[in-house]
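Each remark here refers to the structure printed beneath this line.
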Amino acid sequence: MRLEYFQLIDRIVEIDIEGRKLRAEATVPTASTIFEGHFPGYPLMPGVLLMEAMAQASGWLIIGLTKFTRMPFLAAFKEAKLRSFVTPGQTLALDATLLHEGSGYSVTKAEIRVGGKLVCNAEITFRLVEFPSPEFRTSMEQVAQSIAFPREAPTHA
Amino acid sequence: MSSTFNTVVNIIAETCDIERATIKPESHAINDLGIDSLDFLDVAFAIDKTFGIKMPIEQWTQEVNDGKASTEQYFVLSNLCARIDELVATRKA
């Protein structure tokens, strides 16, 4: 997990295209400038970054389902619940499931568990658009490779 | 009024916090009711789920952008409900 680069997923564990779900993992770093402010003497993974991590897991699921033809942009969170504190060094298990594939939008539900315990969950809506530029798509493909986006999920239309 | 219209009114009223009495068959979802693109996503999600369809919003938007259709054809509620009924009929066929 590279907090400063907003890369919050370490690896894709499994993507189930037929079941329309994805599992990913990420470990919160033990040191980050973010923890100097959040909070001094009491470092916590910011809740908004947990929400972003759920969005990224969902986003990779959508990218897999749309075969890298669309980029999902975050549009809305519903019923987001931050249930427990997450601290540096903890490993997150992220699960995302597609609830609905609409025309130009998708809705997922996502959750994060630590040691089997549910720490946060949400329903998330995305706008789906064509990749704004070839460079953007290339950079996403590079990130996909770095987080073990599985080969069986086609990366080209 | 059709049951489709009544269902759509309920969805818009609950999703966008708009008084039911102000939602008419001749209302334009965007111009008259002020539904913005984000709220329309919620409306579309609720309509898709309720009717078991996938409204081709991208296609409609493209047709409007290309000048092949007017927004009224898709976003005036009586017309939107007619499109929904067509999609439901196609799904059942």
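Chain lettering (A, B, ...) mirrors the order of the structure tokens, residue numbering begins at 1 for each chain separately, and ligand numbering begins at 1 in order of display.
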Set the cut-off to 9 Å and count only C-alpha atoms: what are the residues of chain A that reach chain B? Output as JSON, numbers by chain.
{"A": [75, 76, 100, 101, 102, 103, 104, 105, 106, 107, 125, 127]}
Any idea what's packed within 8 Å of Cys16 (chain B), counting only C-alpha atoms, ignoring anything in its chain fewer than 3 positions away? Could you give it as a PyMOL selection string?
chain B and resi 12-13+35+39
Convert the current residue selection to file output with C-alpha atoms, as a PDB file, in the first residue's frame.
```
ATOM      1  CA  ILE B  12     -37.959  10.220  -8.234  1.00  0.00           C
ATOM      2  CA  ALA B  13     -39.704  11.530  -5.126  1.00  0.00           C
ATOM      3  CA  ILE B  35     -32.506  16.285 -11.400  1.00  0.00           C
ATOM      4  CA  ASP B  39     -29.216  11.934  -8.893  1.00  0.00           C
TER       5      ASP B  39
END
```
Just want the 12 Å neighbourhood of Val76 (chain B), counted on only C-alpha atoms, with same-chain residues fewer than 2 positions away dropped. Output as a PyMOL selection string.
chain B and resi 5+8+23-33+35+70-74+78-83
Would you mind exporting C-alpha atoms of the selected residues as a PDB file, in the first residue's frame?
```
ATOM      1  CA  PHE B   5     -45.620   6.499 -14.236  1.00  0.00           C
ATOM      2  CA  VAL B   8     -41.330   6.350 -11.563  1.00  0.00           C
ATOM      3  CA  ILE B  23     -43.942  15.525 -10.748  1.00  0.00           C
ATOM      4  CA  LYS B  24     -46.187  15.493 -13.834  1.00  0.00           C
ATOM      5  CA  PRO B  25     -46.209  13.375 -17.001  1.00  0.00           C
ATOM      6  CA  GLU B  26     -45.127  16.477 -18.919  1.00  0.00           C
ATOM      7  CA  SER B  27     -42.279  17.244 -16.501  1.00  0.00           C
ATOM      8  CA  HIS B  28     -38.780  17.217 -17.972  1.00  0.00           C
ATOM      9  CA  ALA B  29     -36.570  15.353 -15.507  1.00  0.00           C
ATOM     10  CA  ILE B  30     -33.670  17.741 -15.937  1.00  0.00           C
ATOM     11  CA  ASN B  31     -35.165  21.067 -17.013  1.00  0.00           C
ATOM     12  CA  ASP B  32     -38.311  21.042 -14.862  1.00  0.00           C
ATOM     13  CA  LEU B  33     -37.453  18.814 -11.920  1.00  0.00           C
ATOM     14  CA  ILE B  35     -32.506  16.285 -11.400  1.00  0.00           C
ATOM     15  CA  SER B  70     -34.114  15.707 -28.379  1.00  0.00           C
ATOM     16  CA  THR B  71     -33.782  15.434 -24.612  1.00  0.00           C
ATOM     17  CA  GLU B  72     -37.596  15.630 -24.482  1.00  0.00           C
ATOM     18  CA  GLN B  73     -37.853  12.249 -26.214  1.00  0.00           C
ATOM     19  CA  TYR B  74     -36.148  10.543 -23.299  1.00  0.00           C
ATOM     20  CA  SER B  78     -44.392  10.424 -20.164  1.00  0.00           C
ATOM     21  CA  ASN B  79     -41.811   9.636 -22.852  1.00  0.00           C
ATOM     22  CA  LEU B  80     -39.420   8.053 -20.351  1.00  0.00           C
ATOM     23  CA  CYS B  81     -42.234   5.810 -19.111  1.00  0.00           C
ATOM     24  CA  ALA B  82     -43.039   4.813 -22.706  1.00  0.00           C
ATOM     25  CA  ARG B  83     -39.371   3.858 -23.207  1.00  0.00           C
TER      26      ARG B  83
END
```
Give me the residues near Gly89 (chain A) as a ChimeraX atom specification, where near means some atom within 8 Å (using only C-alpha atoms) and where sequence neighbours in that chain fewer than 3 positions away do not count.
/A:27-30
Keeping only N, CA and C atoms, write the selected residues to a file as a PDB file, in the first residue's frame.
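Writing the result to again_36.pdb gives the following:
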```
ATOM      1  N   THR A  27      -1.666  -4.237   2.841  1.00  0.00           N
ATOM      2  CA  THR A  27      -1.145  -4.068   4.202  1.00  0.00           C
ATOM      3  C   THR A  27      -0.880  -2.587   4.458  1.00  0.00           C
ATOM      4  N   VAL A  28      -1.416  -2.099   5.541  1.00  0.00           N
ATOM      5  CA  VAL A  28      -1.217  -0.691   5.900  1.00  0.00           C
ATOM      6  C   VAL A  28       0.243  -0.501   6.293  1.00  0.00           C
ATOM      7  N   PRO A  29       0.939   0.476   5.708  1.00  0.00           N
ATOM      8  CA  PRO A  29       2.359   0.655   6.051  1.00  0.00           C
ATOM      9  C   PRO A  29       2.532   1.023   7.525  1.00  0.00           C
ATOM     10  N   THR A  30       3.704   0.654   8.038  1.00  0.00           N
ATOM     11  CA  THR A  30       3.950   0.984   9.451  1.00  0.00           C
ATOM     12  C   THR A  30       4.375   2.433   9.621  1.00  0.00           C
TER      13      THR A  30
END
```
Near Arg20 (chain B), within 10 Å and counting only C-alpha atoms, which residues show up once chain neighbours fewer than 6 positions away are dropped, as a VMD selection string?
chain B and resid 6 9 to 14
Using only C-alpha atoms, can you tell me which of B:Gly52, B:Thr22, B:Thr15, B:Asp36 comes closest to Ile84 (chain B)?
B:Gly52
Which residue gives the smallest distance to Asp85 (chain B) among B:Ala69, B:Phe40, B:Ile47, B:Val64, with only C-alpha atoms counted?
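Result for the nearest residue to Asp85 (chain B): B:Ile47.
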Find the spatial neighbours of Ile17 (chain A), counting only C-alpha atoms, within a cut-off of 12 Å - ignore same-chain residues fewer than 5 positions away - and output them as a ChimeraX atom specification.
/A:22-23,60-67,96-98,150,152-154
Test item, strand (DSSP E or B) assignment across chain A, answer as a CSV table (one decimal) with C-alpha atoms, in the first residue's frame:
```csv
chain,number,residue,atom,x,y,z
A,2,ARG,CA,1.5,3.3,-1.1
A,7,GLN,CA,-2.2,3.0,-4.5
A,11,ARG,CA,-2.5,-7.5,-4.9
A,12,ILE,CA,-5.6,-9.0,-6.5
A,13,VAL,CA,-6.1,-12.4,-4.9
A,14,GLU,CA,-9.0,-13.5,-7.1
A,15,ILE,CA,-11.4,-12.1,-9.7
A,16,ASP,CA,-14.5,-14.1,-10.4
A,21,LYS,CA,-16.7,-10.4,-7.5
A,22,LEU,CA,-13.1,-9.7,-6.6
A,23,ARG,CA,-10.9,-10.3,-3.6
A,24,ALA,CA,-7.8,-8.2,-2.9
A,25,GLU,CA,-5.3,-7.7,-0.1
A,26,ALA,CA,-3.4,-4.7,1.2
A,27,THR,CA,-1.1,-4.1,4.2
A,71,MET,CA,-12.5,3.5,-16.6
A,72,PRO,CA,-14.7,3.7,-13.5
A,73,PHE,CA,-14.8,7.0,-11.7
A,74,LEU,CA,-16.2,7.3,-8.2
A,75,ALA,CA,-19.6,8.9,-8.1
A,76,ALA,CA,-21.3,8.1,-4.8
A,77,PHE,CA,-21.1,6.2,-1.5
A,78,LYS,CA,-24.1,4.9,0.2
A,79,GLU,CA,-24.4,3.4,3.7
A,80,ALA,CA,-20.7,3.7,4.2
A,81,LYS,CA,-19.9,2.3,7.7
A,82,LEU,CA,-16.5,2.6,9.4
A,91,THR,CA,-3.5,-6.5,6.6
A,92,LEU,CA,-6.8,-5.8,4.9
A,93,ALA,CA,-8.9,-8.3,3.1
A,94,LEU,CA,-11.0,-6.4,0.5
A,95,ASP,CA,-14.1,-7.9,-1.2
A,96,ALA,CA,-16.1,-6.2,-3.9
A,97,THR,CA,-19.2,-7.5,-5.6
A,98,LEU,CA,-21.1,-6.0,-8.5
A,99,LEU,CA,-24.7,-5.2,-7.6
A,100,HIS,CA,-25.7,-3.8,-11.0
A,101,GLU,CA,-24.2,-3.0,-14.4
A,105,TYR,CA,-22.6,3.3,-14.6
A,106,SER,CA,-22.1,0.4,-12.1
A,107,VAL,CA,-23.0,-0.2,-8.5
A,108,THR,CA,-21.0,-2.4,-6.2
A,109,LYS,CA,-20.9,-3.4,-2.6
A,110,ALA,CA,-17.6,-3.6,-0.9
A,111,GLU,CA,-16.2,-4.5,2.5
A,112,ILE,CA,-12.9,-4.7,4.3
A,113,ARG,CA,-12.0,-7.3,7.0
A,114,VAL,CA,-9.0,-7.5,9.3
A,117,LYS,CA,-13.6,-9.0,11.4
A,118,LEU,CA,-15.6,-6.6,9.4
A,119,VAL,CA,-14.1,-3.1,9.7
A,120,CYS,CA,-16.0,-1.2,7.0
A,121,ASN,CA,-18.5,-1.6,4.2
A,122,ALA,CA,-20.4,0.5,1.6
A,123,GLU,CA,-22.4,0.5,-1.5
A,124,ILE,CA,-20.6,2.4,-4.2
A,125,THR,CA,-21.7,4.0,-7.5
A,126,PHE,CA,-19.3,4.6,-10.4
A,127,ARG,CA,-19.6,6.4,-13.7
A,128,LEU,CA,-18.0,4.4,-16.5
A,129,VAL,CA,-16.3,6.3,-19.3
```
Using only C-alpha atoms, can you tell me which of B:Leu77, B:Ser37, B:Thr7, B:Ala21 comes closest to Phe51 (chain B)?
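Of B:Leu77, B:Ser37, B:Thr7, B:Ala21, the one nearest Phe51 (chain B), counting only C-alpha atoms, is B:Thr7.
CA of Gln145 (chain A) sits 14.7 Å away from CA of Ala57 (chain A).
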DSSP alpha helix (DSSP H) selection over region 4-131 of chain A, as a PyMOL selection string:
chain A and resi 33-37+47-65
Next, the residues of the selection above should be written as a PDB file, in the first residue's frame with N, CA and C atoms.
```
ATOM      1  N   THR A  33       3.845   9.677   6.299  1.00  0.00           N
ATOM      2  CA  THR A  33       3.653  11.047   6.788  1.00  0.00           C
ATOM      3  C   THR A  33       2.199  11.274   7.218  1.00  0.00           C
ATOM      4  N   ILE A  34       1.292  10.505   6.627  1.00  0.00           N
ATOM      5  CA  ILE A  34      -0.125  10.661   6.990  1.00  0.00           C
ATOM      6  C   ILE A  34      -0.336  10.411   8.484  1.00  0.00           C
ATOM      7  N   PHE A  35       0.417   9.456   9.021  1.00  0.00           N
ATOM      8  CA  PHE A  35       0.220   9.127  10.436  1.00  0.00           C
ATOM      9  C   PHE A  35       0.803  10.190  11.375  1.00  0.00           C
ATOM     10  N   GLU A  36       1.634  11.084  10.808  1.00  0.00           N
ATOM     11  CA  GLU A  36       2.149  12.166  11.649  1.00  0.00           C
ATOM     12  C   GLU A  36       1.026  13.126  12.029  1.00  0.00           C
ATOM     13  N   GLY A  37       0.034  13.201  11.153  1.00  0.00           N
ATOM     14  CA  GLY A  37      -1.088  14.088  11.467  1.00  0.00           C
ATOM     15  C   GLY A  37      -2.341  13.342  11.875  1.00  0.00           C
ATOM     16  N   GLY A  47     -10.296   6.999   7.731  1.00  0.00           N
ATOM     17  CA  GLY A  47     -11.510   6.371   7.218  1.00  0.00           C
ATOM     18  C   GLY A  47     -11.738   6.651   5.746  1.00  0.00           C
ATOM     19  N   VAL A  48     -11.408   7.867   5.299  1.00  0.00           N
ATOM     20  CA  VAL A  48     -11.621   8.185   3.884  1.00  0.00           C
ATOM     21  C   VAL A  48     -10.729   7.325   2.995  1.00  0.00           C
ATOM     22  N   LEU A  49      -9.560   6.932   3.521  1.00  0.00           N
ATOM     23  CA  LEU A  49      -8.689   6.063   2.713  1.00  0.00           C
ATOM     24  C   LEU A  49      -9.196   4.615   2.722  1.00  0.00           C
ATOM     25  N   LEU A  50      -9.853   4.216   3.797  1.00  0.00           N
ATOM     26  CA  LEU A  50     -10.508   2.898   3.776  1.00  0.00           C
ATOM     27  C   LEU A  50     -11.612   2.894   2.720  1.00  0.00           C
ATOM     28  N   MET A  51     -12.337   4.000   2.643  1.00  0.00           N
ATOM     29  CA  MET A  51     -13.392   4.105   1.627  1.00  0.00           C
ATOM     30  C   MET A  51     -12.786   4.089   0.229  1.00  0.00           C
ATOM     31  N   GLU A  52     -11.660   4.800   0.056  1.00  0.00           N
ATOM     32  CA  GLU A  52     -10.979   4.790  -1.232  1.00  0.00           C
ATOM     33  C   GLU A  52     -10.494   3.381  -1.570  1.00  0.00           C
ATOM     34  N   ALA A  53     -10.010   2.652  -0.568  1.00  0.00           N
ATOM     35  CA  ALA A  53      -9.547   1.281  -0.817  1.00  0.00           C
ATOM     36  C   ALA A  53     -10.709   0.403  -1.292  1.00  0.00           C
ATOM     37  N   MET A  54     -11.886   0.583  -0.689  1.00  0.00           N
ATOM     38  CA  MET A  54     -13.064  -0.173  -1.142  1.00  0.00           C
ATOM     39  C   MET A  54     -13.421   0.223  -2.579  1.00  0.00           C
ATOM     40  N   ALA A  55     -13.289   1.519  -2.878  1.00  0.00           N
ATOM     41  CA  ALA A  55     -13.590   1.990  -4.234  1.00  0.00           C
ATOM     42  C   ALA A  55     -12.587   1.400  -5.234  1.00  0.00           C
ATOM     43  N   GLN A  56     -11.300   1.337  -4.836  1.00  0.00           N
ATOM     44  CA  GLN A  56     -10.299   0.791  -5.759  1.00  0.00           C
ATOM     45  C   GLN A  56     -10.522  -0.699  -6.005  1.00  0.00           C
ATOM     46  N   ALA A  57     -10.877  -1.439  -4.968  1.00  0.00           N
ATOM     47  CA  ALA A  57     -11.175  -2.866  -5.162  1.00  0.00           C
ATOM     48  C   ALA A  57     -12.358  -3.016  -6.124  1.00  0.00           C
ATOM     49  N   SER A  58     -13.379  -2.201  -5.917  1.00  0.00           N
ATOM     50  CA  SER A  58     -14.551  -2.233  -6.808  1.00  0.00           C
ATOM     51  C   SER A  58     -14.161  -1.822  -8.219  1.00  0.00           C
ATOM     52  N   GLY A  59     -13.297  -0.817  -8.307  1.00  0.00           N
ATOM     53  CA  GLY A  59     -12.872  -0.327  -9.613  1.00  0.00           C
ATOM     54  C   GLY A  59     -12.144  -1.395 -10.410  1.00  0.00           C
ATOM     55  N   TRP A  60     -11.265  -2.150  -9.732  1.00  0.00           N
ATOM     56  CA  TRP A  60     -10.554  -3.226 -10.445  1.00  0.00           C
ATOM     57  C   TRP A  60     -11.513  -4.316 -10.882  1.00  0.00           C
ATOM     58  N   LEU A  61     -12.532  -4.555 -10.070  1.00  0.00           N
ATOM     59  CA  LEU A  61     -13.552  -5.534 -10.482  1.00  0.00           C
ATOM     60  C   LEU A  61     -14.235  -5.060 -11.769  1.00  0.00           C
ATOM     61  N   ILE A  62     -14.614  -3.791 -11.809  1.00  0.00           N
ATOM     62  CA  ILE A  62     -15.315  -3.256 -12.986  1.00  0.00           C
ATOM     63  C   ILE A  62     -14.392  -3.275 -14.206  1.00  0.00           C
ATOM     64  N   ILE A  63     -13.141  -2.924 -14.002  1.00  0.00           N
ATOM     65  CA  ILE A  63     -12.183  -2.955 -15.107  1.00  0.00           C
ATOM     66  C   ILE A  63     -12.045  -4.383 -15.655  1.00  0.00           C
ATOM     67  N   GLY A  64     -12.046  -5.360 -14.749  1.00  0.00           N
ATOM     68  CA  GLY A  64     -11.987  -6.749 -15.185  1.00  0.00           C
ATOM     69  C   GLY A  64     -13.230  -7.155 -15.955  1.00  0.00           C
ATOM     70  N   LEU A  65     -14.385  -6.744 -15.450  1.00  0.00           N
ATOM     71  CA  LEU A  65     -15.644  -7.123 -16.105  1.00  0.00           C
ATOM     72  C   LEU A  65     -15.814  -6.435 -17.458  1.00  0.00           C
TER      73      LEU A  65
END
```
